[in-house]
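Scroll down for the structure; my scribbles are underneath it.
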There are 4 protein chains.
Amino acid sequence: MPGSSFGQAFRVSTAGESHGPAYVAIVDGVPPGLELSEADLQPDLDRRRPGQSSVTSQRQEADTAEILSGVFEGRTTGTSIAVLIWNKDQRSRDYSDIRDKYRPGHADQTFDAKYGFRDYRGGGRSSARETSVRVAAGAIAKKLLLERWGAVVVGYVRRIGDVEAQIDDPASVVLDDVEANIVRCPDPSAAERMIQLIERVRKEQDSIGGIAELVATGVPAGWGEPVFDKLKADLGKALFSLPAVLGVEYGAGFSVATARGSENNDVFVAPSAEEPRIVTATNRHGGMLGGISSGMPIVLRCAVKPTSSLPRPQPTVTTSGEKTTIVTRGRHDPCLLPRFVPMAEAMVALTLADHALRHEAQCGVR
Amino acid sequence: MPGSSFGQAFRVSTAGESHGPAYVAIVDGVPPGLELSEADLQPDLDRRRPGQSSVTSQRQEADTAEILSGVFEGRTTGTSIAVLIWNKDQRSRDYSDIRDKYRPGHADQTFDAKYGFRDYRGGGRSSARETSVRVAAGAIAKKLLLERWGAVVVGYVRRIGDVEAQIDDPASVVLDDVEANIVRCPDPSAAERMIQLIERVRKEQDSIGGIAELVATGVPAGWGEPVFDKLKADLGKALFSLPAVLGVEYGAGFSVATARGSENNDVFVAPSAEEPRIVTATNRHGGMLGGISSGMPIVLRCAVKPTSSLPRPQPTVTTSGEKTTIVTRGRHDPCLLPRFVPMAEAMVALTLADHALRHEAQCGVR
Amino acid sequence: MPGSSFGQAFRVSTAGESHGPAYVAIVDGVPPGLELSEADLQPDLDRRRPGQSSVTSQRQEADTAEILSGVFEGRTTGTSIAVLIWNKDQRSRDYSDIRDKYRPGHADQTFDAKYGFRDYRGGGRSSARETSVRVAAGAIAKKLLLERWGAVVVGYVRRIGDVEAQIDDPASVVLDDVEANIVRCPDPSAAERMIQLIERVRKEQDSIGGIAELVATGVPAGWGEPVFDKLKADLGKALFSLPAVLGVEYGAGFSVATARGSENNDVFVAPSAEEPRIVTATNRHGGMLGGISSGMPIVLRCAVKPTSSLPRPQPTVTTSGEKTTIVTRGRHDPCLLPRFVPMAEAMVALTLADHALRHEAQCGVR
Amino acid sequence: MPGSSFGQAFRVSTAGESHGPAYVAIVDGVPPGLELSEADLQPDLDRRRPGQSSVTSQRQEADTAEILSGVFEGRTTGTSIAVLIWNKDQRSRDYSDIRDKYRPGHADQTFDAKYGFRDYRGGGRSSARETSVRVAAGAIAKKLLLERWGAVVVGYVRRIGDVEAQIDDPASVVLDDVEANIVRCPDPSAAERMIQLIERVRKEQDSIGGIAELVATGVPAGWGEPVFDKLKADLGKALFSLPAVLGVEYGAGFSVATARGSENNDVFVAPSAEEPRIVTATNRHGGMLGGISSGMPIVLRCAVKPTSSLPRPQPTVTTSGEKTTIVTRGRHDPCLLPRFVPMAEAMVALTLADHALRHEAQCGVR
């Protein structure tokens, strides 16, 4: 019932708050014998951390992960892996300016409603900083997916504001394309305009939303459960569990609302010399049919809202219901998308690793 | 790990296939003392069943639910409730025309990949007919939500193809508005055009997609968990677990991609005589902040693809990979949306009932 | 949170009460392709049903199971299997003599405390009749264990009152030995005395307790999880979930309290031509070390209390707390043990099937 | 599926190994507002730690717990609580003498069978040192039970070898009685003899088993679920999840095997001025009927085997199956019982806290 665990066969549990001493993840169910060290976790942590570029928050957090258990002589033992990230940058300051105010778009009011009180120094448990240990756990899942099934998860920024990337084939995007620029958009021309847009928004003391696209290639047909635990259902849960996500869609997504069945169905193609599997000619279904992976690339998109914290004054109320204004200090991201990409990749990887093991538990390895 | 159960505190497990003798749901965790009989389940089952109007499948299925346990002298006992729906219309016919072919858009290929074989007579476990027992379970959840918290879940058709309903305030729509026409759209003018569109699509031996909107009013602030089991995450899973759903969005949804923070944040409003609670002036957040209900109406939309089964011939392959064509006989829905509405309401109600009990388990009743 | 489900990878959920129309089980996670029909379930149901012999309840219940889903053309499909058992013998009678009284040793008082009211016609959800569908589910687990791993679960009566069976090697007992007499004790001489004892107890309008021993052979080394979900922990839960069980012990059991380590440790034996595996010379550990199966037979015992329902008057109180006496009518078992054996076998089999799949999910097939 | 989590509403997940840098527990679902600090955890950690007296291991481990999250300004926030215990005494030594040998009674062979390899420096994940973080989590559960329901869990040593304590009323034992001597036996005379027995066994380079008794008083009637998650089932799982436990029994326990129903049933007693509740005259049922707490004290006993590690040489085999002998160095407990008491109390408290919240989730507070 408590909500700090995710997954059934490959399960991650987390603890930690933005203004506490540390974040912890326990990753349970990892198969034994996987080569693993802190060096496997750091690259994605570096992609997620603030202070990485001019388009993110300028807050400096090192986010160095320590593995405290579950690895012996460089390989996973099959028992639970604890990952610890210290919060090194916890400077004490006076919080009286925000203590009794509800920040718009944040969880202050809902935490008070739920728990009766909250850590008024920041987002506490609702802070996006919690995703640091998810990203570390996701890096373990990514390594397992790659080594055991050759599956790869890549995410990138598809749209920021009015700037949309031109991506002809999502399944052809590789990590190097994504990391080629600071905004994580594999279309270099769009990336340029996105960076300019973010800079402009920042100067205007505002923030802007966008869309991230995630692609998983190499996923074999057969992962996912037919009813409640459809792969699209568990991926949907995974992505909506990230802060700021207000929409998720697969394949043709919301455009199916205006489509005819005769044009929306992806036609199956007979195997050939180049492609010995039965595949579909198009991928409007986004790689899953009946909730089970079809062998086609899994393609999905997340709508991410503009950062709620703004350096400009916003009207709000106090915890006792009086009108006031609030200025959210700190160094916030003018656009969440560049740092959202590794968070979303982690959640997709965790979901896939979980369903891979679940599938093999029941149906074995074919 | 197996995927036929949903929920933690209020949990439903289902069994049954389209061509088997019956569907069963076990609903566990229902609080004791709730008045309940089959009459409470039938209205939503009637809204879901095929053959109900000219815009749905003409297949006739009565879908009468029997309660086999968990109710004594008209009240729930607190122990598990079994609901049984017989498949009465199971006529035997020759299936050789579809036995070895993969229906486009269906789960035939993915079931074969997962399980090695499947019930070739139809969708088997992946059939949307499975939602009949979910709807029955959802009716129990709806009754609990209403009686204990005064919360109401209503869904309706927002768009079919290019026809979009004009709904000024989703939270003001009531069941009678929805049931006022056969397409379940509370905008009478749009409903008229939707019906015409569906009739035209049917004549063209085609199908069409659309968007359903779901609203939950009366949900108190505080339901949902802050990290993985955010209310939006579990609602997202619930809705993506329904067949044909390719997109889910809350509040402002995908439009946040082009929004600025300064315009996207919903401003908190000081309590007044008419509204003694702290609410927000707008509801772009869709009723949840930080994954926890804010007390504002929960508003979400689902993108539903056009029916994959078409009466016209479609190209496909055989199970052994040879080119062929397929005509899906049977009497299919030219548009899934009118019958999707009660399915989606059920999943929203099941999720809310689960989180209501989960919240009270930890935080008690305030 | 609700308690009507058992297992994670191989999961059974049940519903039904003693005085309701039917019992239902949903068995989820069964691997696809297992040959299965109602005929596989009936033998164990016949071993469990009342009215089977002179030493059990004389109540006649046929307990015929119907499989409603999850099997196609004689094989499991991999999707959830529903099993239905109608309660055919539900005669209406006047319950005013027990309606407001708490039967000693039963769950009447605790159900009232928990739920506020209860089905006063009998045990309701707490009735041992609920184990009928567990036994049906257990028969599926037994078949899977045998066909996939060659593992066999056998139970028998070890002791009734002062009569203890002489069993030199629990692992050598086979089903035919158990079924050779109506009391299910593989020691024919002890069986004779047990039957006489039960007959005597019945004449005295009393009941008597006993001990059942359960053995699982053919279980490979490696099943079970190292910490909370030790195999002994989940078996313990499984057996204590059966009515009337007040004690469970493995291998040397309670006798370890007086043992020295030097004599209690089971010495490992070097492989030989007859036994190529590393085994232990003795089996005081009961087949599990560190919570994981060692490859030695799993041996455990359950202490089962004497039937609480007695045909003689017993002092008790009314639901409002006044002194009274109660005579429990009906035809009760003078000793639960003969019918307990198949119930316990089912729970052991369900636990082992679950852990088998869990193990292979994480560690694969070696 | 992985086994490092326990509980549903009040859930603890653990990580860590005997020769790793640290142990971690994440405790999720704790109600908000409970006063909590490290000082609440230390007393039970001190009762569990080695080196505490002459009858335990002489190994010195401080076992100081740090709370890393979930507590703000001295009270629980309702979000997950991380507890960290560093392994301070990790001296590197040469392990070549045990690296390739299977220690009798330990999990070396079963870990190799399960995972293919293991941390050969000690018990790794199977080490009883893992219970340190369980004890810390249990201390939180104890505090919640006491403050919210007035329930108290106390354990003590009932028997070591042939020395059995005389305890007339288990429910009257309080912590001070238990802590009055180093062997944790509230019968001072038996305690004396137990200490002498342990000293003798230690001198003989041997070890000895025993029985611990656990009592929970103040538990209201109504906790526990009627079918699989009976309170006795989940307590049984909890206790069997502890190392070295080979038997668990409630109330009259194994003695019911020879009892008649007429003498075994606990008679209900009409309320009186001193006792306004309906209680039973005796407590052979151990405080639970039908798996639900009756309001009488919960009484159970665990059989704990003698320590497997012995300073004397024992015959065994190498990992490749050759005969050898092994001497387990280190400073082991000659008897596990004195340190077992707080471990078992923790597991009982965790189970009760979980069921308390589960009960209130469904049935509310009466």
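We label chains A, B, ... in the order they appear in the structure tokens, count residues from 1 in each chain, and number ligands from 1 in the order shown.
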
Compute the set of chain D residues within 8 Å of chain A, using only C-alpha atoms, and express it as an mmCIF file with N, CA and C atoms, in the first residue's frame.
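Here's the written file selection-v9.cif:
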data_model
loop_
_atom_site.group_PDB
_atom_site.id
_atom_site.type_symbol
_atom_site.label_atom_id
_atom_site.label_comp_id
_atom_site.auth_asym_id
_atom_site.auth_seq_id
_atom_site.Cartn_x
_atom_site.Cartn_y
_atom_site.Cartn_z
ATOM 1 N N MET D 1 8.212 -10.337 -6.272
ATOM 2 C CA MET D 1 8.839 -11.654 -6.269
ATOM 3 C C MET D 1 10.145 -11.719 -5.498
ATOM 4 N N PRO D 2 10.996 -10.696 -5.624
ATOM 5 C CA PRO D 2 12.192 -10.789 -4.800
ATOM 6 C C PRO D 2 11.788 -10.690 -3.344
ATOM 7 N N GLY D 3 12.605 -11.252 -2.472
ATOM 8 C CA GLY D 3 12.132 -11.512 -1.124
ATOM 9 C C GLY D 3 12.615 -10.568 -0.054
ATOM 10 N N SER D 4 13.027 -9.359 -0.390
ATOM 11 C CA SER D 4 13.597 -8.480 0.626
ATOM 12 C C SER D 4 12.622 -7.461 1.177
ATOM 13 N N GLN D 8 2.460 -5.202 3.931
ATOM 14 C CA GLN D 8 1.739 -4.573 2.839
ATOM 15 C C GLN D 8 1.450 -3.106 3.141
ATOM 16 N N ALA D 9 0.860 -2.826 4.286
ATOM 17 C CA ALA D 9 0.527 -1.443 4.630
ATOM 18 C C ALA D 9 1.678 -0.789 5.388
ATOM 19 N N PHE D 10 2.295 -1.537 6.260
ATOM 20 C CA PHE D 10 3.497 -1.109 6.987
ATOM 21 C C PHE D 10 4.592 -2.020 6.440
ATOM 22 N N ARG D 11 5.418 -1.498 5.550
ATOM 23 C CA ARG D 11 6.301 -2.367 4.781
ATOM 24 C C ARG D 11 7.769 -2.030 5.010
ATOM 25 N N SER D 13 11.689 -2.937 3.697
ATOM 26 C CA SER D 13 12.562 -3.563 2.696
ATOM 27 C C SER D 13 13.988 -3.418 3.207
ATOM 28 N N THR D 14 14.792 -4.461 3.024
ATOM 29 C CA THR D 14 16.159 -4.377 3.547
ATOM 30 C C THR D 14 17.190 -4.736 2.487
ATOM 31 N N ALA D 15 18.421 -4.279 2.749
ATOM 32 C CA ALA D 15 19.562 -4.632 1.913
ATOM 33 C C ALA D 15 20.782 -4.678 2.821
ATOM 34 N N GLY D 16 21.805 -5.378 2.385
ATOM 35 C CA GLY D 16 23.043 -5.424 3.153
ATOM 36 C C GLY D 16 23.511 -6.841 3.405
ATOM 37 N N GLU D 17 24.820 -6.974 3.567
ATOM 38 C CA GLU D 17 25.414 -8.285 3.845
ATOM 39 C C GLU D 17 26.440 -8.171 4.966
ATOM 40 N N GLY D 20 29.664 -6.560 3.786
ATOM 41 C CA GLY D 20 29.572 -5.341 2.987
ATOM 42 C C GLY D 20 29.717 -4.124 3.866
ATOM 43 N N PRO D 21 29.638 -2.931 3.282
ATOM 44 C CA PRO D 21 29.858 -1.707 4.072
ATOM 45 C C PRO D 21 28.717 -1.340 5.019
ATOM 46 N N ALA D 22 27.465 -1.738 4.707
ATOM 47 C CA ALA D 22 26.362 -1.232 5.528
ATOM 48 C C ALA D 22 25.092 -2.047 5.303
ATOM 49 N N TYR D 23 24.192 -1.915 6.254
ATOM 50 C CA TYR D 23 22.825 -2.415 6.110
ATOM 51 C C TYR D 23 21.875 -1.225 5.972
ATOM 52 N N VAL D 24 20.817 -1.419 5.196
ATOM 53 C CA VAL D 24 19.821 -0.378 4.989
ATOM 54 C C VAL D 24 18.434 -0.987 5.124
ATOM 55 N N ILE D 26 14.328 0.342 4.394
ATOM 56 C CA ILE D 26 13.360 1.384 4.054
ATOM 57 C C ILE D 26 12.029 0.958 4.664
ATOM 58 N N ASP D 28 8.220 1.835 4.966
ATOM 59 C CA ASP D 28 7.250 2.636 4.222
ATOM 60 C C ASP D 28 5.856 2.423 4.808
ATOM 61 N N GLY D 29 5.059 3.473 4.804
ATOM 62 C CA GLY D 29 3.686 3.351 5.274
ATOM 63 C C GLY D 29 3.480 3.748 6.726
ATOM 64 N N PRO D 32 1.833 9.428 9.606
ATOM 65 C CA PRO D 32 2.509 10.687 9.900
ATOM 66 C C PRO D 32 2.271 11.120 11.352
ATOM 67 N N GLY D 33 3.221 11.894 11.868
ATOM 68 C CA GLY D 33 3.014 12.523 13.162
ATOM 69 C C GLY D 33 3.518 11.739 14.354
ATOM 70 N N LEU D 68 17.779 8.410 7.818
ATOM 71 C CA LEU D 68 18.162 9.275 6.700
ATOM 72 C C LEU D 68 16.984 10.008 6.063
ATOM 73 N N SER D 69 15.770 9.623 6.425
ATOM 74 C CA SER D 69 14.618 10.250 5.757
ATOM 75 C C SER D 69 13.344 9.951 6.530
ATOM 76 N N GLY D 70 12.288 10.638 6.169
ATOM 77 C CA GLY D 70 10.965 10.309 6.694
ATOM 78 C C GLY D 70 10.645 10.886 8.056
ATOM 79 N N PHE D 72 10.802 14.610 10.208
ATOM 80 C CA PHE D 72 11.047 16.054 10.123
ATOM 81 C C PHE D 72 10.640 16.688 11.437
ATOM 82 N N THR D 77 6.969 11.879 8.807
ATOM 83 C CA THR D 77 6.247 12.698 7.825
ATOM 84 C C THR D 77 5.185 11.898 7.079
ATOM 85 N N GLY D 78 5.204 10.571 7.227
ATOM 86 C CA GLY D 78 4.304 9.728 6.452
ATOM 87 C C GLY D 78 4.969 9.167 5.205
ATOM 88 N N THR D 79 6.167 9.645 4.900
ATOM 89 C CA THR D 79 6.894 9.114 3.738
ATOM 90 C C THR D 79 7.979 8.153 4.221
ATOM 91 N N SER D 80 8.600 7.479 3.268
ATOM 92 C CA SER D 80 9.445 6.332 3.625
ATOM 93 C C SER D 80 10.644 6.719 4.486
ATOM 94 N N ILE D 81 10.900 5.900 5.476
ATOM 95 C CA ILE D 81 11.975 6.131 6.438
ATOM 96 C C ILE D 81 13.141 5.221 6.093
ATOM 97 N N ALA D 82 14.305 5.802 5.804
ATOM 98 C CA ALA D 82 15.500 4.997 5.557
ATOM 99 C C ALA D 82 16.338 4.934 6.819
ATOM 100 N N TYR D 115 22.246 -19.156 -6.856
ATOM 101 C CA TYR D 115 22.792 -18.002 -7.574
ATOM 102 C C TYR D 115 24.028 -18.321 -8.413
ATOM 103 N N GLY D 116 24.622 -19.495 -8.188
ATOM 104 C CA GLY D 116 25.795 -19.851 -8.981
ATOM 105 C C GLY D 116 27.111 -19.427 -8.351
ATOM 106 N N PHE D 117 27.056 -18.465 -7.448
ATOM 107 C CA PHE D 117 28.248 -18.077 -6.696
ATOM 108 C C PHE D 117 27.783 -17.298 -5.470
ATOM 109 N N ARG D 118 28.726 -16.955 -4.587
ATOM 110 C CA ARG D 118 28.336 -16.256 -3.364
ATOM 111 C C ARG D 118 29.555 -15.569 -2.764
ATOM 112 N N ASP D 119 29.277 -14.675 -1.851
ATOM 113 C CA ASP D 119 30.326 -14.024 -1.071
ATOM 114 C C ASP D 119 30.848 -15.048 -0.065
ATOM 115 N N ARG D 125 24.249 -12.378 2.487
ATOM 116 C CA ARG D 125 22.873 -11.938 2.698
ATOM 117 C C ARG D 125 22.146 -12.835 3.713
#

DSSP on the backbone: what in stretch 55-246 of chain A comes out strand (DSSP E or B), as a PyMOL selection string?
chain A and resi 65-67+71-72+75-76+81-86+101+152-160+163-164+208+210-217+245-246

DSSP-assigned helix (DSSP H, G or I) members of stretch 18-226 of chain C, reported as a VMD selection string:
chain C and resid 38 to 48 108 to 115 124 to 126 128 to 149 170 to 172 175 to 178 188 to 203

Could you please determine the separation between atom CA of B:Pro226 and atom CA of A:Pro311 in Å, to one decimal place?
25.1 Å
